[in-house]
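K.L.:
Have a look at this one.
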Amino acid sequence: HKLLSRYALVLEGVAATHAIYTHRCATAEGEASAQLCLWTRALAVATARSGAGTRRNSTTALIYTPSLRPQLEHSSHLHAVAATPATKMPSVANLSLPGTALPGAVTVTIADGDALKKQIAQYVATIAKACTKDRFVVALSGGSMPKLLTGLLDLDVDWSKWDVFFADERCVPLVSNDSNYKACEDHLFSKIKGEKPTIHTLDTSLSPAQAAEKYGDELNSVGRRFDLCLLGMGPDGHTASLFPEHDLFRKPDGSVARCILDSPKPPSERVTFTLSTLQNSVRVCFVATGDSKTPVLKEILARKEGKLDYAYPVPPYPAAWVRSADGGAQWFLDSAAGGGL
């Protein structure tokens with residue numbers, strides 16, 4: 001009990017500083033942000049100094065398993081964690097969050113039907129218009145996203161400035177109903193009057209690995225990062241083709257895009273932009289609809305001082321880790337998905 005109480009005291013001090021200490025690291029390709037897990041480091045030091053023998057070693061294993069998502073505020077919570085096997089949830093120890101203002105600035109908008117479409121359209125159009133570069137580079141998702149973006153057709157959008165990629169794409173012919181490109185073409189691109197955006201499609205004539213490399217090169221050729229990522233989220237917390245249990249999410253390797261040959265959802269072969277690429281985006285926006293998303297949303301978002309913000313510790317869902325380069329994100333939810341928040 002004395003040992004556990006000591007950890008609780010350490011946490012009280014560390015939690016207050018966790019959000020503001022980051023490490024800026026330069027890479028050959030530019031500047032990236034890496035979040036230092038200071039609370040983990042501090043607890044490791046406290047454990048090393050405690051001299052608690054085997055009990056100390058047991059607790060150390062828990063410290064290095066942030067995927068357990070313990071609410072470590074007092075010793076009773078630590079008792080509960082100690083009884084939980086460390087293998088129940090996938091490890092996210094290799095991951096880092098972008099930004100310097102964590103917990104990140106999150107904005108949540110809840111609306112339904114045409115009102116939801118209108119708010120999404122106004123958000124996207126405003127960002128596109130504010131882009132001062134020659135090209136506006138955007139990543140789109142499939143699923144319900146193409147239909148929800150049709151509100152853009154009623155606004156004054158300079159589509160000729162857009163470079164459109166797909167956050168992930170299935171390795172299927174572009175005419176297949178499984179193709180994210182086809183979904184966007186049918187519901188959005190084909191309905192644009194006048195000059196259309198430049199659409200970057202996956203080269204499905206190549207192997208998945210070759211297609212992923214080529215797709216990453218295409219992004220690098222138009223500016224190396226997205227000005228806006230428009231992403232969906234599955235009931236399991238996946239986004240793009242980054243799945244919670246998959247090594248492609250949990251063990252990033254610095255690639256721009258990667259192929260996945262064993263997707264938990266069919267089709268099994270896909271190409272997805274990686275976590276680091278999505279995190280390097282200027283803006284990140286999620287759209288989630290339906291009550292099947294509510295349980296995961298309740299773990300990703302938490303109400304703090306009367307407003308919704310990101311929950312900490314960060315749960316092991318890809319959608320919780322994809323945030324813009326400044327650490328923030330915009331969420332659009334319908335009442336079915338967000339009503340329980």
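Chain labels A, B, ... are given in the sequence in which chains occur in the structure tokens; within each chain residues are numbered consecutively from 1, and ligands are likewise numbered from 1 in the order shown.
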Residues near Ala336 (chain A), anyone? I mean within 10 Å using only C-alpha atoms, not counting same-chain ones fewer than 4 positions away, as a ChimeraX atom specification.

P.N.:
/A:110-112,288-294,340

K.L.:
Using DSSP on the backbone coordinates, identify the residues of region 222-299 of chain A assigned to strand (DSSP E); present them as a list in words.

P.N.:
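Here is the list: Leu228, Cys229, Leu230, Leu231, Gly232, Ala257, Arg258, Cys259, Ile260, Arg270, Val271, Thr272, Phe273, Val284, Cys285, Phe286, Val287 and Ala288 of chain A.
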
K.L.:
Can you list every residue of region 106-189 of chain A that has an atom at most 10 Å from region 226-234 of chain A, with its nearest atom pair and the distance in Å to one decimal, using only C-alpha atoms, ordered by chain then number, as a tab-separated table?

P.N.:
```
residue	atom	partner	partner_atom	distance
A:Ile120	CA	A:Leu230	CA	9.9
A:Val124	CA	A:Leu228	CA	8.3
A:Ile127	CA	A:Leu228	CA	8.0
A:Ala128	CA	A:Asp227	CA	8.4
A:Cys131	CA	A:Asp227	CA	7.9
A:Lys133	CA	A:Asp227	CA	9.6
A:Arg135	CA	A:Asp227	CA	9.2
A:Phe136	CA	A:Asp227	CA	6.3
A:Val137	CA	A:Phe226	CA	5.1
A:Val138	CA	A:Leu228	CA	4.9
A:Ala139	CA	A:Cys229	CA	4.7
A:Leu140	CA	A:Leu230	CA	5.1
A:Ser141	CA	A:Leu231	CA	5.4
A:Gly142	CA	A:Gly232	CA	7.8
A:Gly143	CA	A:Gly232	CA	7.5
A:Ser144	CA	A:Gly232	CA	8.0
A:Met145	CA	A:Gly232	CA	6.9
A:Leu149	CA	A:Leu230	CA	9.7
A:Asp163	CA	A:Phe226	CA	9.4
A:Val164	CA	A:Phe226	CA	9.5
A:Phe165	CA	A:Phe226	CA	9.0
A:Phe166	CA	A:Cys229	CA	9.1
A:Ala167	CA	A:Leu231	CA	7.4
A:Asp168	CA	A:Leu231	CA	9.7
```

K.L.:
Grab the residues selected above and save them as a CSV table (one decimal), in the first residue's frame with C-alpha atoms.

P.N.:
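What ended up in again-v9.csv:
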```csv
chain,number,residue,atom,x,y,z
A,120,ILE,CA,-18.9,19.5,-43.0
A,124,VAL,CA,-13.9,21.9,-45.8
A,127,ILE,CA,-10.0,25.4,-45.2
A,128,ALA,CA,-9.6,25.0,-48.9
A,131,CYS,CA,-5.0,27.5,-48.3
A,133,LYS,CA,-0.4,27.3,-51.7
A,135,ARG,CA,-2.3,23.3,-54.6
A,136,PHE,CA,-4.7,22.1,-51.9
A,137,VAL,CA,-3.7,18.5,-51.1
A,138,VAL,CA,-6.4,16.5,-49.5
A,139,ALA,CA,-6.9,12.8,-48.4
A,140,LEU,CA,-10.4,11.3,-48.6
A,141,SER,CA,-11.9,8.2,-47.2
A,142,GLY,CA,-14.6,5.8,-48.5
A,143,GLY,CA,-17.5,4.5,-46.6
A,144,SER,CA,-20.2,7.1,-46.0
A,145,MET,CA,-17.7,10.0,-46.5
A,149,LEU,CA,-19.2,15.6,-48.8
A,163,ASP,CA,-5.0,17.3,-55.4
A,164,VAL,CA,-7.1,14.4,-54.1
A,165,PHE,CA,-5.6,11.2,-52.6
A,166,PHE,CA,-7.3,8.4,-50.8
A,167,ALA,CA,-6.3,7.8,-47.2
A,168,ASP,CA,-6.5,4.2,-48.0
```

K.L.:
Could you name the residues that touch Leu152 (chain A) at 9 Å or less, counting only C-alpha atoms, but leaving out those on the same chain fewer than 4 positions away, as an NGL selection string?

P.N.:
:A and (117-118 or 120-122 or 124-125 or 156-157 or 188)

K.L.:
Skip Leu242 (chain A) itself and residues of its chain fewer than 3 positions away, then list as a list in words all residues within 10 Å of it, counting only C-alpha atoms.

P.N.:
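These residues fall inside the cut-off: Asp168, Gly237, His238, Thr239, Glu245, His246, Asp247, Leu248, Phe249, Arg250, Ile260, Ser263, Pro264, Val271, Thr272, Phe273, Thr274, Leu275, Tyr317, Pro318, Ala319 and Val322 of chain A.
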
K.L.:
I need the residue nearest Asn280 (chain A) from this list: A:Pro313, A:Pro208, A:Gly254, A:Pro244. Use only C-alpha atoms for the distance.

P.N.:
A:Gly254

K.L.:
Using only C-alpha atoms, can you tell me which of A:Leu261, A:Ala329, A:Val282, A:Leu341 comes closest to Arg303 (chain A)?

P.N.:
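Going through A:Leu261, A:Ala329, A:Val282, A:Leu341 one by one, the smallest distance to Arg303 (chain A) is for A:Leu341.
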
K.L.:
Quick check, in Å to one decimal: how far apart do CA of Arg283 (chain A) and CA of Ala325 (chain A) lie?

P.N.:
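Going from CA of Arg283 (chain A) over to CA of Ala325 (chain A) covers 7.4 Å.
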
K.L.:
As an exercise, work out the distance from CA of Ser241 (chain A) to CA of Gly328 (chain A) in Å and give it to one decimal place.

P.N.:
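We find that CA of Ser241 (chain A) and CA of Gly328 (chain A) lie 20.8 Å from each other.
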
K.L.:
Name all residues at most 9 Å from Thr204 (chain A) (count only C-alpha atoms; drop same-chain ones fewer than 5 positions away) and give them as a list in words.

P.N.:
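After dropping sequence-adjacent residues, the list is Arg170, Cys171, Val172, Pro173, Leu174 and Ala211 of chain A.
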
K.L.:
Can you spit out the residues from that selection as a PDB file, in the first residue's frame, using C-alpha atoms?

P.N.:
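Generated file (part.pdb):
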```pdb
ATOM      1  CA  ARG A 170      -8.303  -1.414 -51.736  1.00  0.00           C
ATOM      2  CA  CYS A 171      -6.144  -3.277 -54.260  1.00  0.00           C
ATOM      3  CA  VAL A 172      -9.065  -3.826 -56.624  1.00  0.00           C
ATOM      4  CA  PRO A 173      -9.908  -2.454 -60.084  1.00  0.00           C
ATOM      5  CA  LEU A 174     -11.070   1.156 -59.978  1.00  0.00           C
ATOM      6  CA  ALA A 211       1.696   0.463 -55.497  1.00  0.00           C
TER       7      ALA A 211
END
```
